Amino acid sequence: MSKSNELKSDIEDLNSLLQQAKRQKSKDLISIEIRRLQTELDTLTDKNEIKVTPSVQRFGPKVYEVKLNNYGWDQSDKFMKIYVTLKNVHSLPKESIACDFTECSMDLRILGLDNKNYHLPIINLCETIDPEKSNFKVKTDLVTIFLAKKTPINWSHVTGVEKRIKESKEPLVPEGKDHELKDPDSGLMKMMKKMYQEGDDDMKKTIAKAWCQSQDKKTSLGDNMI
């Protein structure tokens with residue numbers, strides 16, 4: 001048996017073990033070994049393709065890695081649900097689809113779908129989950145991941161990063177400050193002052209230059225009116 005075939009057989013066996021594993025630590029160790037063997041297989045395949053001549057037929061099509069960025073989500077009191085739509089994903093054998101969970105992340109891998117390996121890693125989840133109770137199901141053209149919530153609370157976002165970005169977006173002119181609403185320049189000045197105080201040297205130079213130019217224009221308008 002060739003080296004590449006041995007690696008493929010090892011990967012298949014490990015994928016079967018991954019489906020049977022119960023403890024998260026075992027799943028993590030098996031997943032690491034699968035990725036290591038997959039990398040070794042990819043490297044070996046690339047080398048063989050470089051050496052191949054026009055008179056030699058290559059063994060099988062090349063498999064491409066595709067990172068998934070689009071997914072849908074929904075939630076209940078017990079689960080945050082992630083929806084991944086892929087045509088014909090239901091036709092794959094069970095061992096070709098795996099999802100690893102930690103308290104703050106999930107990692108979905110779909111192998112060999114139309115000569116592509118799909119990967120959806122989501123790290124830094126918005127809230128903590130229970131890895132042991134989390135799972136996934138495959139239906140027609142769809143993989144649904146069930147992230148078991150540790151506490152039955154509503155998630156505002158899927159990831160903590162999205163939540164922090166949302167919370168950091170404050171209005172430039174806070175509501176309720178009538179004097180700033182009546183005088184837009186007041187709110188603008190406050191914003192520029194904050195940017196000047198928090199900015200680096202280049203930012204301070206830019207703001208100072210804009211301020212001087214603004215004052216020069218006001219002075220010029222005043223002289224023309226006299």
# chains A, B, ... in the order shown; residues from 1 in each chain; ligands from 1
>>> closest_atom_pairs(of="region 82-157 of chain A", to="region 30-40 of chain A", cutoff="10 Å", atoms="only C-alpha atoms", output="tab-separated table")
residue	atom	partner	partner_atom	distance
A:Ala98	CA	A:Ser31	CA	9.1
A:Cys99	CA	A:Ser31	CA	9.4
A:Asp100	CA	A:Ser31	CA	7.9
>>> residues_around(residues="Tyr71 (chain A)", least_positions_apart="2", cutoff="7 Å", atoms="only C-alpha atoms", output="compact mmCIF listing (two decimals) with N, CA and C atoms, in the first residue's frame")
# COMPACT_ATOMS: atom_id res chain seq x y z
N ASN A 69 -18.13 31.24 5.39
CA ASN A 69 -18.33 32.51 6.07
C ASN A 69 -19.81 32.83 6.30
N TRP A 73 -28.73 31.69 11.74
CA TRP A 73 -28.83 31.27 13.13
C TRP A 73 -30.19 31.61 13.72
N ILE A 82 -27.11 26.97 14.60
CA ILE A 82 -26.37 27.48 13.45
C ILE A 82 -26.76 26.66 12.22
N TYR A 83 -27.15 27.34 11.14
CA TYR A 83 -27.60 26.65 9.93
C TYR A 83 -26.58 26.84 8.80
N VAL A 84 -26.09 25.73 8.26
CA VAL A 84 -25.13 25.76 7.14
C VAL A 84 -25.77 25.05 5.95
>>> residues_around(residues="region 124-127 of chain A", least_positions_apart="5", cutoff="9 Å", atoms="only C-alpha atoms", output="list in words")
Glu103, Cys104, Ser105, Met106, Lys149, Lys150, Thr151, Ile153, Trp155, Ser156, His157, Val158, Thr159, Gly160, Val161, Glu162 and Lys163 of chain A
>>> select_by_dssp(residues="region 34-177 of chain A", states="strand (DSSP E)", output="PyMOL selection string")
chain A and resi 64-67+72-75+79-85+97-102+105-113+116-122+135-139+142-148
>>> write_last_selection(atoms="C-alpha atoms", output="compact mmCIF listing (two decimals), in the first residue's frame")
# COMPACT_ATOMS: atom_id res chain seq x y z
CA TYR A 64 -9.82 22.04 -2.23
CA GLU A 65 -10.27 23.59 1.19
CA VAL A 66 -13.17 26.06 1.43
CA LYS A 67 -13.69 28.23 4.50
CA GLY A 72 -27.91 31.45 9.46
CA TRP A 73 -28.83 31.27 13.13
CA ASP A 74 -31.78 31.02 15.47
CA GLN A 75 -32.21 30.18 19.14
CA PHE A 79 -29.93 25.96 22.14
CA MET A 80 -28.26 28.44 19.81
CA LYS A 81 -28.80 26.95 16.34
CA ILE A 82 -26.37 27.48 13.45
CA TYR A 83 -27.60 26.65 9.93
CA VAL A 84 -25.13 25.76 7.14
CA THR A 85 -26.63 25.24 3.68
CA ILE A 97 -18.99 15.37 8.76
CA ALA A 98 -17.68 16.27 12.20
CA CYS A 99 -18.07 19.18 14.61
CA ASP A 100 -15.88 19.82 17.65
CA PHE A 101 -17.09 21.89 20.60
CA THR A 102 -15.47 23.71 23.51
CA SER A 105 -16.14 27.67 20.27
CA MET A 106 -17.27 25.25 17.58
CA ASP A 107 -15.43 23.81 14.59
CA LEU A 108 -17.38 22.19 11.73
CA ARG A 109 -15.61 20.13 9.03
CA ILE A 110 -17.25 18.58 5.97
CA LEU A 111 -14.93 16.37 3.91
CA GLY A 112 -15.15 15.32 0.28
CA LEU A 113 -18.25 17.17 -0.93
CA LYS A 116 -14.04 20.16 -1.58
CA ASN A 117 -13.44 20.12 2.17
CA TYR A 118 -15.58 22.74 3.93
CA HIS A 119 -14.56 24.33 7.21
CA LEU A 120 -16.57 26.57 9.55
CA PRO A 121 -14.72 27.62 12.71
CA ILE A 122 -16.53 29.96 15.13
CA ASN A 135 -24.45 18.26 18.62
CA PHE A 136 -25.39 18.53 14.95
CA LYS A 137 -27.88 17.03 12.52
CA VAL A 138 -27.78 16.61 8.76
CA LYS A 139 -30.86 17.07 6.59
CA LEU A 142 -28.49 21.43 5.39
CA VAL A 143 -26.34 20.95 8.50
CA THR A 144 -27.80 22.28 11.75
CA ILE A 145 -25.47 22.73 14.73
CA PHE A 146 -27.09 22.81 18.16
CA LEU A 147 -25.01 24.76 20.68
CA ALA A 148 -26.32 23.84 24.14
>>> closest_residue(among="A:Ile123, A:Gln19, A:Leu29, A:Thr140", to="Leu92 (chain A)", atoms="only C-alpha atoms")
A:Thr140
>>> atom_distance(atom1="CA of Leu18 (chain A)", atom2="CA of Glu95 (chain A)")
8.2 Å
>>> atom_distance(atom1="CA of Gln24 (chain A)", atom2="CA of Lys78 (chain A)")
19.9 Å
>>> closest_residue(among="A:Lys94, A:Arg164, A:Lys22, A:Lys3", to="Leu44 (chain A)", atoms="only C-alpha atoms")
A:Lys3
>>> atom_distance(atom1="CA of Leu17 (chain A)", atom2="CA of Asn5 (chain A)")
18.5 Å
>>> closest_residue(among="A:Asp114, A:Asn15, A:Glu6, A:Asn154", to="Asn88 (chain A)", atoms="only C-alpha atoms")
A:Asp114
